[in-house]
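Heads up, upload_25.cif below (mmCIF, C-alpha atoms and all ligand atoms):
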```cif
data_model
#
loop_
_atom_site.label_atom_id
_atom_site.label_comp_id
_atom_site.auth_asym_id
_atom_site.auth_seq_id
_atom_site.Cartn_x
_atom_site.Cartn_y
_atom_site.Cartn_z
CA MET A 1 -59.19 -10.60 -66.69
CA THR A 2 -60.65 -7.31 -65.46
CA THR A 3 -59.76 -5.76 -62.08
CA THR A 4 -63.15 -6.84 -60.72
CA ASP A 5 -62.57 -10.44 -61.86
CA SER A 6 -59.21 -10.58 -60.09
CA LEU A 7 -60.79 -9.37 -56.84
CA LEU A 8 -63.37 -12.14 -57.07
CA THR A 9 -60.82 -14.90 -57.68
CA PRO A 10 -60.83 -17.13 -54.57
CA THR A 11 -57.04 -17.24 -54.46
CA HIS A 12 -56.79 -13.45 -54.30
CA ASP A 13 -55.28 -12.50 -50.94
CA TRP A 14 -57.98 -9.92 -50.22
CA LEU A 15 -57.31 -10.00 -46.48
CA GLY A 16 -53.53 -9.87 -46.76
CA LEU A 17 -53.16 -12.46 -43.98
CA LYS A 18 -51.12 -14.95 -46.02
CA GLY A 19 -47.80 -15.64 -44.27
CA LYS A 20 -48.78 -13.70 -41.12
CA VAL A 21 -48.02 -15.28 -37.74
CA CYS A 22 -51.34 -15.58 -35.90
CA VAL A 23 -51.81 -16.86 -32.35
CA VAL A 24 -55.21 -18.21 -31.32
CA ASN A 25 -55.99 -19.21 -27.74
CA GLY A 26 -58.97 -21.44 -27.04
CA ALA A 27 -58.07 -23.06 -30.36
CA ALA A 28 -59.06 -26.62 -29.39
CA SER A 29 -62.79 -26.07 -29.66
CA GLY A 30 -65.69 -24.00 -30.96
CA ILE A 31 -65.05 -20.40 -31.96
CA GLY A 32 -61.26 -20.54 -31.44
CA ALA A 33 -61.00 -23.69 -33.58
CA SER A 34 -63.05 -22.06 -36.33
CA ILE A 35 -60.84 -18.94 -36.29
CA ALA A 36 -57.68 -21.09 -36.46
CA THR A 37 -59.19 -23.00 -39.41
CA ALA A 38 -60.17 -19.83 -41.27
CA LEU A 39 -56.67 -18.39 -40.77
CA ALA A 40 -55.07 -21.58 -42.12
CA GLN A 41 -57.43 -21.40 -45.12
CA VAL A 42 -56.07 -17.96 -46.04
CA GLY A 43 -52.45 -19.11 -45.71
CA ALA A 44 -51.51 -17.73 -42.28
CA HIS A 45 -49.02 -19.45 -39.96
CA VAL A 46 -51.11 -20.39 -36.92
CA ALA A 47 -50.13 -21.12 -33.33
CA LEU A 48 -52.90 -23.07 -31.59
CA LEU A 49 -52.93 -22.54 -27.83
CA ASP A 50 -55.23 -24.25 -25.36
CA ARG A 51 -55.07 -25.99 -22.01
CA ASN A 52 -56.40 -28.96 -24.01
CA VAL A 53 -53.42 -29.48 -26.34
CA GLN A 54 -54.79 -32.79 -27.70
CA GLY A 55 -57.68 -30.82 -29.20
CA CYS A 56 -55.18 -28.46 -30.87
CA GLU A 57 -53.12 -31.35 -32.22
CA MET A 58 -56.22 -33.01 -33.68
CA LEU A 59 -57.19 -29.77 -35.40
CA GLN A 60 -53.61 -29.30 -36.62
CA GLU A 61 -53.83 -32.71 -38.28
CA THR A 62 -57.04 -31.84 -40.11
CA LEU A 63 -55.41 -28.61 -41.36
CA ALA A 64 -52.27 -30.38 -42.58
CA HIS A 65 -53.25 -30.09 -46.26
CA LEU A 66 -53.45 -26.28 -46.09
CA PRO A 67 -50.52 -23.93 -46.74
CA GLY A 68 -48.69 -22.26 -43.85
CA ARG A 69 -47.09 -23.68 -40.71
CA ARG A 70 -48.87 -24.69 -37.50
CA LEU A 71 -47.76 -25.10 -33.89
CA SER A 72 -49.83 -26.64 -31.08
CA LEU A 73 -48.96 -25.58 -27.54
CA THR A 74 -50.32 -26.38 -24.09
CA CYS A 75 -51.15 -23.07 -22.50
CA ASP A 76 -53.41 -22.21 -19.60
CA ILE A 77 -53.84 -18.52 -20.34
CA SER A 78 -54.42 -17.70 -16.67
CA ASP A 79 -50.88 -18.88 -15.88
CA GLU A 80 -48.33 -16.12 -16.47
CA ALA A 81 -45.34 -18.49 -16.81
CA GLN A 82 -47.16 -20.64 -19.41
CA VAL A 83 -48.14 -17.58 -21.45
CA LYS A 84 -44.55 -16.28 -21.39
CA ALA A 85 -43.25 -19.70 -22.46
CA ALA A 86 -45.81 -19.86 -25.29
CA ALA A 87 -44.81 -16.40 -26.55
CA GLN A 88 -41.16 -17.47 -26.65
CA ALA A 89 -41.98 -20.76 -28.40
CA VAL A 90 -44.04 -19.01 -31.07
CA ALA A 91 -41.29 -16.43 -31.73
CA LEU A 92 -38.73 -19.24 -32.03
CA GLU A 93 -40.80 -21.63 -34.19
CA LEU A 94 -42.97 -19.34 -36.31
CA GLY A 95 -41.47 -15.86 -35.94
CA SER A 96 -42.70 -12.61 -34.45
CA THR A 97 -46.46 -12.50 -33.80
CA ASP A 98 -48.53 -10.35 -36.18
CA CYS A 99 -52.00 -11.19 -34.85
CA LEU A 100 -53.45 -12.44 -31.56
CA ILE A 101 -56.95 -13.77 -31.02
CA ASN A 102 -58.12 -14.10 -27.42
CA ALA A 103 -60.90 -16.69 -27.70
CA ALA A 104 -60.53 -18.97 -24.67
CA GLY A 105 -63.33 -18.66 -22.15
CA ILE A 106 -65.29 -20.34 -19.40
CA LEU A 107 -68.86 -19.92 -18.22
CA ARG A 108 -70.17 -20.60 -14.72
CA SER A 109 -73.84 -20.02 -14.01
CA VAL A 110 -74.41 -18.66 -10.55
CA ASN A 111 -76.43 -15.98 -8.81
CA LEU A 112 -74.31 -13.07 -7.53
CA ALA A 113 -76.06 -13.33 -4.14
CA GLU A 114 -74.49 -16.76 -3.64
CA ILE A 115 -71.25 -16.51 -5.59
CA GLU A 116 -68.08 -17.72 -3.86
CA LEU A 117 -65.11 -15.39 -4.23
CA ALA A 118 -63.04 -18.36 -5.43
CA ASP A 119 -65.49 -18.93 -8.31
CA TRP A 120 -65.55 -15.22 -9.20
CA ASN A 121 -61.72 -15.15 -9.24
CA ALA A 122 -61.45 -18.40 -11.22
CA LEU A 123 -63.66 -17.03 -14.00
CA LEU A 124 -61.91 -13.66 -14.14
CA ALA A 125 -58.52 -15.41 -14.12
CA VAL A 126 -59.32 -16.91 -17.55
CA ASN A 127 -61.82 -14.53 -19.18
CA LEU A 128 -60.06 -11.30 -18.19
CA ASN A 129 -56.57 -11.85 -16.73
CA GLY A 130 -55.76 -14.44 -19.39
CA TYR A 131 -56.67 -11.97 -22.15
CA LEU A 132 -54.41 -9.33 -20.56
CA LEU A 133 -51.49 -11.75 -20.14
CA CYS A 134 -51.65 -12.90 -23.76
CA ALA A 135 -52.06 -9.33 -25.03
CA ARG A 136 -49.10 -8.19 -22.94
CA GLU A 137 -46.73 -11.00 -23.98
CA PHE A 138 -47.65 -11.34 -27.67
CA GLY A 139 -48.29 -7.58 -27.92
CA ARG A 140 -44.66 -6.95 -26.97
CA GLN A 141 -43.58 -8.65 -30.22
CA MET A 142 -46.08 -6.49 -32.14
CA ARG A 143 -44.90 -3.25 -30.54
CA THR A 144 -41.29 -4.10 -31.31
CA ALA A 145 -42.27 -4.70 -34.95
CA GLY A 146 -44.40 -1.53 -34.98
CA ALA A 147 -47.44 -3.43 -36.29
CA GLY A 148 -50.04 -5.90 -35.08
CA SER A 149 -53.70 -6.64 -34.58
CA ILE A 150 -55.50 -8.15 -31.60
CA VAL A 151 -59.09 -9.39 -31.53
CA HIS A 152 -60.78 -10.34 -28.27
CA ILE A 153 -63.91 -12.50 -28.17
CA SER A 154 -66.32 -10.65 -25.92
CA SER A 155 -70.03 -11.50 -25.75
CA ILE A 156 -73.50 -10.06 -26.17
CA ALA A 157 -73.58 -10.62 -22.39
CA ALA A 158 -71.05 -7.78 -21.96
CA HIS A 159 -73.81 -5.22 -22.46
CA ASN A 160 -76.88 -7.38 -21.73
CA PRO A 161 -76.79 -9.01 -18.28
CA GLN A 162 -78.76 -12.23 -17.89
CA PRO A 163 -79.90 -13.68 -14.55
CA TYR A 164 -77.45 -16.28 -13.20
CA SER A 165 -74.63 -14.99 -15.41
CA GLY A 166 -72.66 -14.19 -12.26
CA ALA A 167 -69.09 -13.19 -13.06
CA TYR A 168 -69.47 -13.85 -16.81
CA THR A 169 -71.14 -10.55 -17.77
CA PRO A 170 -68.70 -8.44 -15.70
CA SER A 171 -65.76 -10.38 -17.22
CA LYS A 172 -66.92 -9.71 -20.78
CA ALA A 173 -67.72 -6.04 -20.08
CA ALA A 174 -64.17 -5.74 -18.76
CA VAL A 175 -62.83 -7.36 -21.95
CA SER A 176 -64.47 -4.56 -23.96
CA ALA A 177 -62.77 -1.99 -21.74
CA LEU A 178 -59.44 -3.85 -21.87
CA SER A 179 -59.59 -3.87 -25.66
CA GLN A 180 -60.14 -0.11 -25.80
CA GLN A 181 -57.39 0.53 -23.25
CA ILE A 182 -54.97 -1.49 -25.42
CA ALA A 183 -56.12 0.43 -28.52
CA VAL A 184 -55.30 3.73 -26.81
CA GLU A 185 -51.98 2.69 -25.26
CA TRP A 186 -50.51 0.71 -28.16
CA GLY A 187 -52.11 2.49 -31.13
CA PRO A 188 -49.11 4.82 -31.45
CA HIS A 189 -46.93 1.66 -31.73
CA GLY A 190 -48.93 0.34 -34.68
CA VAL A 191 -51.06 -2.15 -32.72
CA ARG A 192 -54.85 -2.27 -33.19
CA SER A 193 -57.25 -3.89 -30.71
CA ASN A 194 -60.89 -4.77 -31.33
CA CYS A 195 -63.65 -7.01 -29.99
CA VAL A 196 -66.09 -9.37 -31.61
CA ALA A 197 -69.18 -9.91 -29.48
CA PRO A 198 -70.98 -13.15 -30.41
CA GLY A 199 -74.64 -13.77 -29.70
CA MET A 200 -75.94 -17.35 -29.49
CA ILE A 201 -73.41 -19.67 -31.15
CA LEU A 202 -73.66 -23.46 -31.07
CA THR A 203 -70.40 -24.81 -29.59
CA ALA A 204 -69.32 -27.29 -26.91
CA LEU A 205 -69.82 -24.48 -24.37
CA THR A 206 -73.50 -24.01 -25.19
CA ALA A 207 -74.47 -27.41 -26.66
CA PRO A 208 -76.08 -28.64 -23.41
CA TYR A 209 -78.72 -25.88 -23.67
CA TYR A 210 -79.75 -27.03 -27.15
CA ASP A 211 -80.25 -30.63 -25.98
CA HIS A 212 -83.44 -29.46 -24.28
CA PRO A 213 -86.58 -29.85 -26.44
CA GLY A 214 -87.87 -26.60 -27.93
CA ILE A 215 -84.85 -24.48 -26.89
CA THR A 216 -83.43 -24.14 -30.41
CA GLU A 217 -86.73 -22.92 -31.87
CA ALA A 218 -87.41 -20.58 -28.93
CA ARG A 219 -83.93 -19.07 -29.20
CA GLU A 220 -84.10 -18.77 -32.98
CA ALA A 221 -87.27 -16.71 -32.57
CA PHE A 222 -85.23 -14.16 -30.58
CA THR A 223 -82.99 -13.39 -33.56
CA ALA A 224 -83.86 -11.25 -36.57
CA THR A 225 -82.33 -13.91 -38.84
CA ARG A 226 -84.20 -16.76 -37.10
CA ARG A 227 -81.14 -18.95 -36.69
CA ILE A 228 -78.53 -19.86 -34.10
CA GLY A 229 -75.04 -18.76 -35.10
CA LYS A 230 -72.16 -20.98 -36.23
CA PRO A 231 -68.52 -20.56 -35.13
CA GLU A 232 -67.71 -19.61 -38.76
CA ASP A 233 -69.96 -16.54 -38.43
CA ILE A 234 -67.60 -15.27 -35.73
CA ALA A 235 -64.42 -16.29 -37.59
CA ASN A 236 -65.44 -14.23 -40.64
CA ALA A 237 -65.75 -11.03 -38.57
CA VAL A 238 -62.49 -11.78 -36.74
CA LEU A 239 -60.52 -12.21 -39.98
CA PHE A 240 -61.77 -8.87 -41.27
CA LEU A 241 -60.69 -7.10 -38.06
CA LEU A 242 -57.27 -8.78 -38.12
CA SER A 243 -56.68 -7.82 -41.73
CA GLU A 244 -55.29 -4.69 -43.36
CA ARG A 245 -58.84 -4.09 -44.64
CA ALA A 246 -59.57 -2.90 -41.09
CA SER A 247 -56.39 -0.83 -40.74
CA TYR A 248 -58.36 2.23 -39.53
CA VAL A 249 -60.56 0.21 -37.14
CA THR A 250 -59.41 0.07 -33.53
CA GLY A 251 -61.11 0.25 -30.15
CA SER A 252 -64.26 -1.03 -31.87
CA GLU A 253 -66.62 -3.92 -31.35
CA ILE A 254 -68.54 -5.89 -33.96
CA GLU A 255 -71.71 -7.58 -32.75
CA VAL A 256 -72.28 -10.89 -34.54
CA ASN A 257 -75.62 -12.07 -33.23
CA GLY A 258 -78.11 -12.39 -36.10
CA GLY A 259 -79.79 -9.17 -34.94
CA LEU A 260 -80.50 -10.42 -31.41
CA SER A 261 -79.51 -7.10 -29.83
CA CYS A 262 -82.13 -5.12 -31.77
CA MET A 263 -85.06 -7.45 -30.97
CA LEU A 264 -86.09 -5.98 -27.61
CA MET A 265 -88.88 -3.62 -28.78
CA GLY A 266 -90.40 -6.36 -30.90
CA LYS A 267 -91.03 -8.35 -27.72
CA ILE A 268 -92.97 -5.52 -26.00
CA PRO A 269 -96.77 -6.14 -26.13
CA ARG A 270 -98.46 -3.55 -28.38
CA PRO A 271 -102.27 -3.98 -28.76
CA GLY A 272 -103.41 -3.95 -32.38
CA PHE A 273 -100.00 -4.78 -33.82
CA ALA A 274 -98.70 -8.25 -34.57
CA ALA A 275 -95.27 -9.06 -33.14
CA THR A 276 -93.97 -9.67 -36.67
CA PRO A 277 -95.47 -7.55 -39.49
CA ALA A 278 -96.85 -9.55 -42.43
CA THR A 279 -94.76 -8.96 -45.54
N1 LIG A 301 -70.81 -20.06 -27.76
C1 LIG A 301 -71.45 -18.91 -27.54
O1 LIG A 301 -72.69 -18.82 -27.68
C2 LIG A 301 -70.67 -17.70 -27.09
C3 LIG A 301 -71.36 -16.48 -27.02
C4 LIG A 301 -70.67 -15.35 -26.64
C5 LIG A 301 -69.32 -15.41 -26.35
N2 LIG A 301 -68.67 -16.60 -26.42
C6 LIG A 301 -67.24 -16.61 -26.10
O2 LIG A 301 -66.53 -17.20 -27.15
C7 LIG A 301 -65.33 -17.78 -26.67
C8 LIG A 301 -65.21 -19.23 -27.17
O3 LIG A 301 -66.31 -19.96 -26.65
P1 LIG A 301 -66.82 -21.31 -27.30
O4 LIG A 301 -68.29 -21.23 -27.33
O5 LIG A 301 -66.08 -21.58 -28.56
O6 LIG A 301 -66.42 -22.34 -26.15
P2 LIG A 301 -65.68 -23.76 -26.20
O7 LIG A 301 -65.87 -24.32 -24.83
O8 LIG A 301 -66.13 -24.56 -27.37
O9 LIG A 301 -64.15 -23.37 -26.41
C9 LIG A 301 -63.43 -22.69 -25.41
C10 LIG A 301 -61.99 -23.18 -25.45
O10 LIG A 301 -61.27 -22.43 -24.45
C11 LIG A 301 -60.38 -23.33 -23.80
N3 LIG A 301 -60.01 -22.83 -22.50
C12 LIG A 301 -60.80 -22.66 -21.41
N4 LIG A 301 -60.07 -22.18 -20.39
C13 LIG A 301 -58.80 -22.05 -20.83
C14 LIG A 301 -57.59 -21.63 -20.23
N5 LIG A 301 -57.53 -21.27 -18.94
N6 LIG A 301 -56.47 -21.58 -20.99
C15 LIG A 301 -56.51 -21.99 -22.28
N7 LIG A 301 -57.62 -22.43 -22.88
C16 LIG A 301 -58.75 -22.46 -22.17
C17 LIG A 301 -61.16 -24.64 -23.71
O11 LIG A 301 -60.30 -25.75 -23.48
C18 LIG A 301 -61.84 -24.67 -25.07
O12 LIG A 301 -61.04 -25.31 -26.03
C19 LIG A 301 -65.39 -17.67 -25.15
O13 LIG A 301 -64.62 -16.55 -24.75
C20 LIG A 301 -66.86 -17.42 -24.87
O14 LIG A 301 -67.06 -16.71 -23.68
C21 LIG A 301 -69.32 -17.76 -26.78
#
```
Same coordinates, now as structure tokens:
Amino acid sequence: MTTTDSLLTPTHDWLGLKGKVCVVNGAASGIGASIATALAQVGAHVALLDRNVQGCEMLQETLAHLPGRRLSLTCDISDEAQVKAAAQAVALELGSTDCLINAAGILRSVNLAEIELADWNALLAVNLNGYLLCAREFGRQMRTAGAGSIVHISSIAAHNPQPYSGAYTPSKAAVSALSQQIAVEWGPHGVRSNCVAPGMILTALTAPYYDHPGITEAREAFTATRRIGKPEDIANAVLFLLSERASYVTGSEIEVNGGLSCMLMGKIPRPGFAATPAT
């Protein structure tokens, strides 16, 4: 077998994540569930955290045939005591945390002119404070070990506000800043921190939009790849960032949106030019 052949062998641990202790919050559904699945597929030990622990346990069952150990824990990431308890349980059951993925999130559509402070705070408590709490508690284990990698799920909304996005866009913009702050503060202790910013991904969070006739096609037309993303598209980018293959990548953000963010000029009317050039 040549060197090239061995790199192409599916069992080759190209990512080096086999045996690593990885903690995923928001693991009961959508993007978090897909990341937890992908990590189990490469042989990582995975802690599945969510306020919906039944969802984690169901996923754990479907992953039972894969190598590595799994642990499902109830954890509302906005609750400091629950996050601390989860960090202790993971250390006890699986060992010191190597990787953390902040994927839990909520979305509330409201106009800023009418937003109630309680709603603003409730969203930030999960989307921002929860990411900090998990980074702080699981990051402590990484700093002690002198190595670790954190990936936060941000959003295309972080840099592209949409009407009625209310607190969501500010929360995701803050996640980008939080990630860079962590990169700067904990980089000297061997901890990397990066973001993945999804575009339009079909999950339980967004499924109601796609139930409306014509929405899927209209949204697909806004992407360069002409398709709505799958949770696996996000998981693939996350695994790269977690891995040693990205050991010199920190404070960065990967946009995974099928080219949505570079479509703006193509939507500007330009007499004499078709919106999409014939090829
Ligand atoms: N789906 C998209 O199009 C899209 C686009 C950009 C960004 N995102 C982001 O991706 C992440 C995952 O979203 P998704 O689409 O998979 O949604 P989802 O609703 O399918 O999954 C979110 C999970 O987070 C959990 N969760 C919510 N609040 C929690 C809390 N306080 N503590 C613990 N768990 C909690 C939910 O129970 C759920 O299992 C979110 O941060 C979201 O903002 C999604």
* Asked: Could you state the separation of CA of Asp98 in chain A and CA of Ala125 in chain A in Å, given to one decimal place?
  ->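 Computed distance, CA of Asp98 in chain A to CA of Ala125 in chain A, equals 24.7 Å.
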* Asked: Separation of CA of Leu178 in chain A and CA of Thr206 in chain A, in Å?
  ->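 One can read the CA of Leu178 in chain A to CA of Thr206 in chain A distance as 24.8 Å.
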Quick one: which chain A residues come within 8 Å of ligand LIG 301 (chain A), and what is the nearest atom pair for each with the distance in Å to one decimal, counting all atoms listed in the file, rows ordered by chain and ascending number, as CSV?
```
residue,atom,partner,partner_atom,distance
A:Asn25,CA,A:LIG301,N7,6.1
A:Gly26,CA,A:LIG301,O10,3.6
A:Ala27,CA,A:LIG301,O12,5.7
A:Ala28,CA,A:LIG301,O12,4.1
A:Ser29,CA,A:LIG301,O12,4.1
A:Gly30,CA,A:LIG301,O5,3.4
A:Ile31,CA,A:LIG301,O5,3.7
A:Gly32,CA,A:LIG301,O5,5.7
A:Ala33,CA,A:LIG301,O5,7.4
A:Leu49,CA,A:LIG301,C15,6.6
A:Asp50,CA,A:LIG301,N7,3.9
A:Arg51,CA,A:LIG301,C15,4.3
A:Asn52,CA,A:LIG301,O11,5.1
A:Gly55,CA,A:LIG301,O12,7.2
A:Thr74,CA,A:LIG301,C15,7.8
A:Cys75,CA,A:LIG301,C15,5.5
A:Asp76,CA,A:LIG301,N6,3.4
A:Ile77,CA,A:LIG301,N6,4.1
A:Ser78,CA,A:LIG301,N5,5.3
A:Asp79,CA,A:LIG301,N5,7.7
A:Asn102,CA,A:LIG301,O13,7.4
A:Ala103,CA,A:LIG301,C7,4.7
A:Ala104,CA,A:LIG301,O10,3.5
A:Gly105,CA,A:LIG301,O13,3.6
A:Ile106,CA,A:LIG301,C12,5.4
A:Leu107,CA,A:LIG301,O14,6.6
A:Ala125,CA,A:LIG301,N5,7.7
A:Val126,CA,A:LIG301,N5,4.9
A:Asn127,CA,A:LIG301,O13,6.6
A:Gly130,CA,A:LIG301,N5,7.1
A:Ile153,CA,A:LIG301,O13,5.3
A:Ser154,CA,A:LIG301,C5,5.6
A:Ser155,CA,A:LIG301,C4,4.0
A:Ile156,CA,A:LIG301,C4,6.0
A:Ala157,CA,A:LIG301,C4,7.0
A:Tyr168,CA,A:LIG301,O14,7.8
A:Lys172,CA,A:LIG301,O14,7.6
A:Ala197,CA,A:LIG301,C4,6.3
A:Pro198,CA,A:LIG301,C4,4.4
A:Gly199,CA,A:LIG301,C3,5.0
A:Met200,CA,A:LIG301,O1,4.0
A:Ile201,CA,A:LIG301,O1,3.6
A:Leu202,CA,A:LIG301,N1,5.5
A:Thr203,CA,A:LIG301,O4,4.7
A:Ala204,CA,A:LIG301,O8,4.2
A:Leu205,CA,A:LIG301,O7,4.0
A:Thr206,CA,A:LIG301,N1,5.4
A:Gly229,CA,A:LIG301,O1,7.8
A:Pro231,CA,A:LIG301,O5,7.1
```
* What is the distance between CA of Asn160 in chain A and CA of Cys99 in chain A, in Å to one decimal? ->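 Value for the CA of Asn160 in chain A-CA of Cys99 in chain A distance: 28.4 Å.
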* **Residue with smallest distance to Ile115 in chain A - pool A:Leu239, A:Ala167, A:Leu39, A:Ala207, counting all atoms listed in the file** =>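 Smallest distance to Ile115 in chain A is found for A:Ala167.
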Residue completion, range 82-109 of chain A, N, CA and C atoms, as a PDB file, in the frame of the given file:
```
ATOM      1  N   GLN A  82     -46.816 -19.887 -18.184  1.00  0.00           N
ATOM      2  CA  GLN A  82     -47.160 -20.640 -19.410  1.00  0.00           C
ATOM      3  C   GLN A  82     -47.357 -19.701 -20.601  1.00  0.00           C
ATOM      4  N   VAL A  83     -47.939 -18.544 -20.348  1.00  0.00           N
ATOM      5  CA  VAL A  83     -48.140 -17.580 -21.450  1.00  0.00           C
ATOM      6  C   VAL A  83     -46.793 -17.061 -21.943  1.00  0.00           C
ATOM      7  N   LYS A  84     -45.898 -16.760 -20.998  1.00  0.00           N
ATOM      8  CA  LYS A  84     -44.550 -16.280 -21.390  1.00  0.00           C
ATOM      9  C   LYS A  84     -43.831 -17.350 -22.202  1.00  0.00           C
ATOM     10  N   ALA A  85     -43.926 -18.605 -21.753  1.00  0.00           N
ATOM     11  CA  ALA A  85     -43.250 -19.700 -22.460  1.00  0.00           C
ATOM     12  C   ALA A  85     -43.849 -19.867 -23.861  1.00  0.00           C
ATOM     13  N   ALA A  86     -45.162 -19.727 -23.980  1.00  0.00           N
ATOM     14  CA  ALA A  86     -45.810 -19.860 -25.290  1.00  0.00           C
ATOM     15  C   ALA A  86     -45.355 -18.747 -26.229  1.00  0.00           C
ATOM     16  N   ALA A  87     -45.238 -17.533 -25.699  1.00  0.00           N
ATOM     17  CA  ALA A  87     -44.810 -16.400 -26.550  1.00  0.00           C
ATOM     18  C   ALA A  87     -43.389 -16.641 -27.071  1.00  0.00           C
ATOM     19  N   GLN A  88     -42.539 -17.176 -26.215  1.00  0.00           N
ATOM     20  CA  GLN A  88     -41.160 -17.470 -26.650  1.00  0.00           C
ATOM     21  C   GLN A  88     -41.145 -18.570 -27.700  1.00  0.00           C
ATOM     22  N   ALA A  89     -41.949 -19.622 -27.460  1.00  0.00           N
ATOM     23  CA  ALA A  89     -41.980 -20.760 -28.400  1.00  0.00           C
ATOM     24  C   ALA A  89     -42.484 -20.316 -29.770  1.00  0.00           C
ATOM     25  N   VAL A  90     -43.513 -19.475 -29.784  1.00  0.00           N
ATOM     26  CA  VAL A  90     -44.040 -19.010 -31.070  1.00  0.00           C
ATOM     27  C   VAL A  90     -42.990 -18.189 -31.808  1.00  0.00           C
ATOM     28  N   ALA A  91     -42.319 -17.277 -31.087  1.00  0.00           N
ATOM     29  CA  ALA A  91     -41.290 -16.430 -31.730  1.00  0.00           C
ATOM     30  C   ALA A  91     -40.187 -17.302 -32.333  1.00  0.00           C
ATOM     31  N   LEU A  92     -39.818 -18.348 -31.591  1.00  0.00           N
ATOM     32  CA  LEU A  92     -38.730 -19.240 -32.030  1.00  0.00           C
ATOM     33  C   LEU A  92     -39.145 -20.082 -33.236  1.00  0.00           C
ATOM     34  N   GLU A  93     -40.373 -20.647 -33.172  1.00  0.00           N
ATOM     35  CA  GLU A  93     -40.800 -21.630 -34.190  1.00  0.00           C
ATOM     36  C   GLU A  93     -41.439 -20.984 -35.427  1.00  0.00           C
ATOM     37  N   LEU A  94     -42.233 -19.913 -35.184  1.00  0.00           N
ATOM     38  CA  LEU A  94     -42.970 -19.340 -36.310  1.00  0.00           C
ATOM     39  C   LEU A  94     -42.510 -17.925 -36.676  1.00  0.00           C
ATOM     40  N   GLY A  95     -41.876 -17.249 -35.718  1.00  0.00           N
ATOM     41  CA  GLY A  95     -41.470 -15.860 -35.940  1.00  0.00           C
ATOM     42  C   GLY A  95     -42.301 -14.906 -35.091  1.00  0.00           C
ATOM     43  N   SER A  96     -42.030 -13.629 -35.257  1.00  0.00           N
ATOM     44  CA  SER A  96     -42.700 -12.610 -34.450  1.00  0.00           C
ATOM     45  C   SER A  96     -44.213 -12.589 -34.728  1.00  0.00           C
ATOM     46  N   THR A  97     -44.999 -12.443 -33.673  1.00  0.00           N
ATOM     47  CA  THR A  97     -46.460 -12.500 -33.800  1.00  0.00           C
ATOM     48  C   THR A  97     -47.021 -11.243 -34.479  1.00  0.00           C
ATOM     49  N   ASP A  98     -47.846 -11.455 -35.509  1.00  0.00           N
ATOM     50  CA  ASP A  98     -48.530 -10.350 -36.180  1.00  0.00           C
ATOM     51  C   ASP A  98     -49.932 -10.149 -35.621  1.00  0.00           C
ATOM     52  N   CYS A  99     -50.600 -11.261 -35.266  1.00  0.00           N
ATOM     53  CA  CYS A  99     -52.000 -11.190 -34.850  1.00  0.00           C
ATOM     54  C   CYS A  99     -52.246 -12.099 -33.649  1.00  0.00           C
ATOM     55  N   LEU A 100     -53.050 -11.630 -32.715  1.00  0.00           N
ATOM     56  CA  LEU A 100     -53.450 -12.440 -31.560  1.00  0.00           C
ATOM     57  C   LEU A 100     -54.976 -12.466 -31.481  1.00  0.00           C
ATOM     58  N   ILE A 101     -55.507 -13.661 -31.240  1.00  0.00           N
ATOM     59  CA  ILE A 101     -56.950 -13.770 -31.020  1.00  0.00           C
ATOM     60  C   ILE A 101     -57.173 -14.399 -29.660  1.00  0.00           C
ATOM     61  N   ASN A 102     -57.758 -13.626 -28.750  1.00  0.00           N
ATOM     62  CA  ASN A 102     -58.120 -14.100 -27.420  1.00  0.00           C
ATOM     63  C   ASN A 102     -59.524 -14.700 -27.507  1.00  0.00           C
ATOM     64  N   ALA A 103     -59.593 -16.045 -27.545  1.00  0.00           N
ATOM     65  CA  ALA A 103     -60.900 -16.690 -27.700  1.00  0.00           C
ATOM     66  C   ALA A 103     -61.236 -17.662 -26.587  1.00  0.00           C
ATOM     67  N   ALA A 104     -60.239 -18.020 -25.751  1.00  0.00           N
ATOM     68  CA  ALA A 104     -60.530 -18.970 -24.670  1.00  0.00           C
ATOM     69  C   ALA A 104     -61.555 -18.361 -23.719  1.00  0.00           C
ATOM     70  N   GLY A 105     -62.360 -19.205 -23.110  1.00  0.00           N
ATOM     71  CA  GLY A 105     -63.330 -18.660 -22.150  1.00  0.00           C
ATOM     72  C   GLY A 105     -64.023 -19.762 -21.388  1.00  0.00           C
ATOM     73  N   ILE A 106     -64.483 -19.403 -20.196  1.00  0.00           N
ATOM     74  CA  ILE A 106     -65.290 -20.340 -19.400  1.00  0.00           C
ATOM     75  C   ILE A 106     -66.545 -19.626 -18.934  1.00  0.00           C
ATOM     76  N   LEU A 107     -67.540 -20.441 -18.618  1.00  0.00           N
ATOM     77  CA  LEU A 107     -68.860 -19.920 -18.220  1.00  0.00           C
ATOM     78  C   LEU A 107     -69.287 -20.672 -16.970  1.00  0.00           C
ATOM     79  N   ARG A 108     -69.628 -19.946 -15.923  1.00  0.00           N
ATOM     80  CA  ARG A 108     -70.170 -20.600 -14.720  1.00  0.00           C
ATOM     81  C   ARG A 108     -71.439 -19.877 -14.347  1.00  0.00           C
ATOM     82  N   SER A 109     -72.544 -20.639 -14.294  1.00  0.00           N
ATOM     83  CA  SER A 109     -73.840 -20.020 -14.010  1.00  0.00           C
ATOM     84  C   SER A 109     -74.082 -19.989 -12.520  1.00  0.00           C
TER      85      SER A 109
END
```
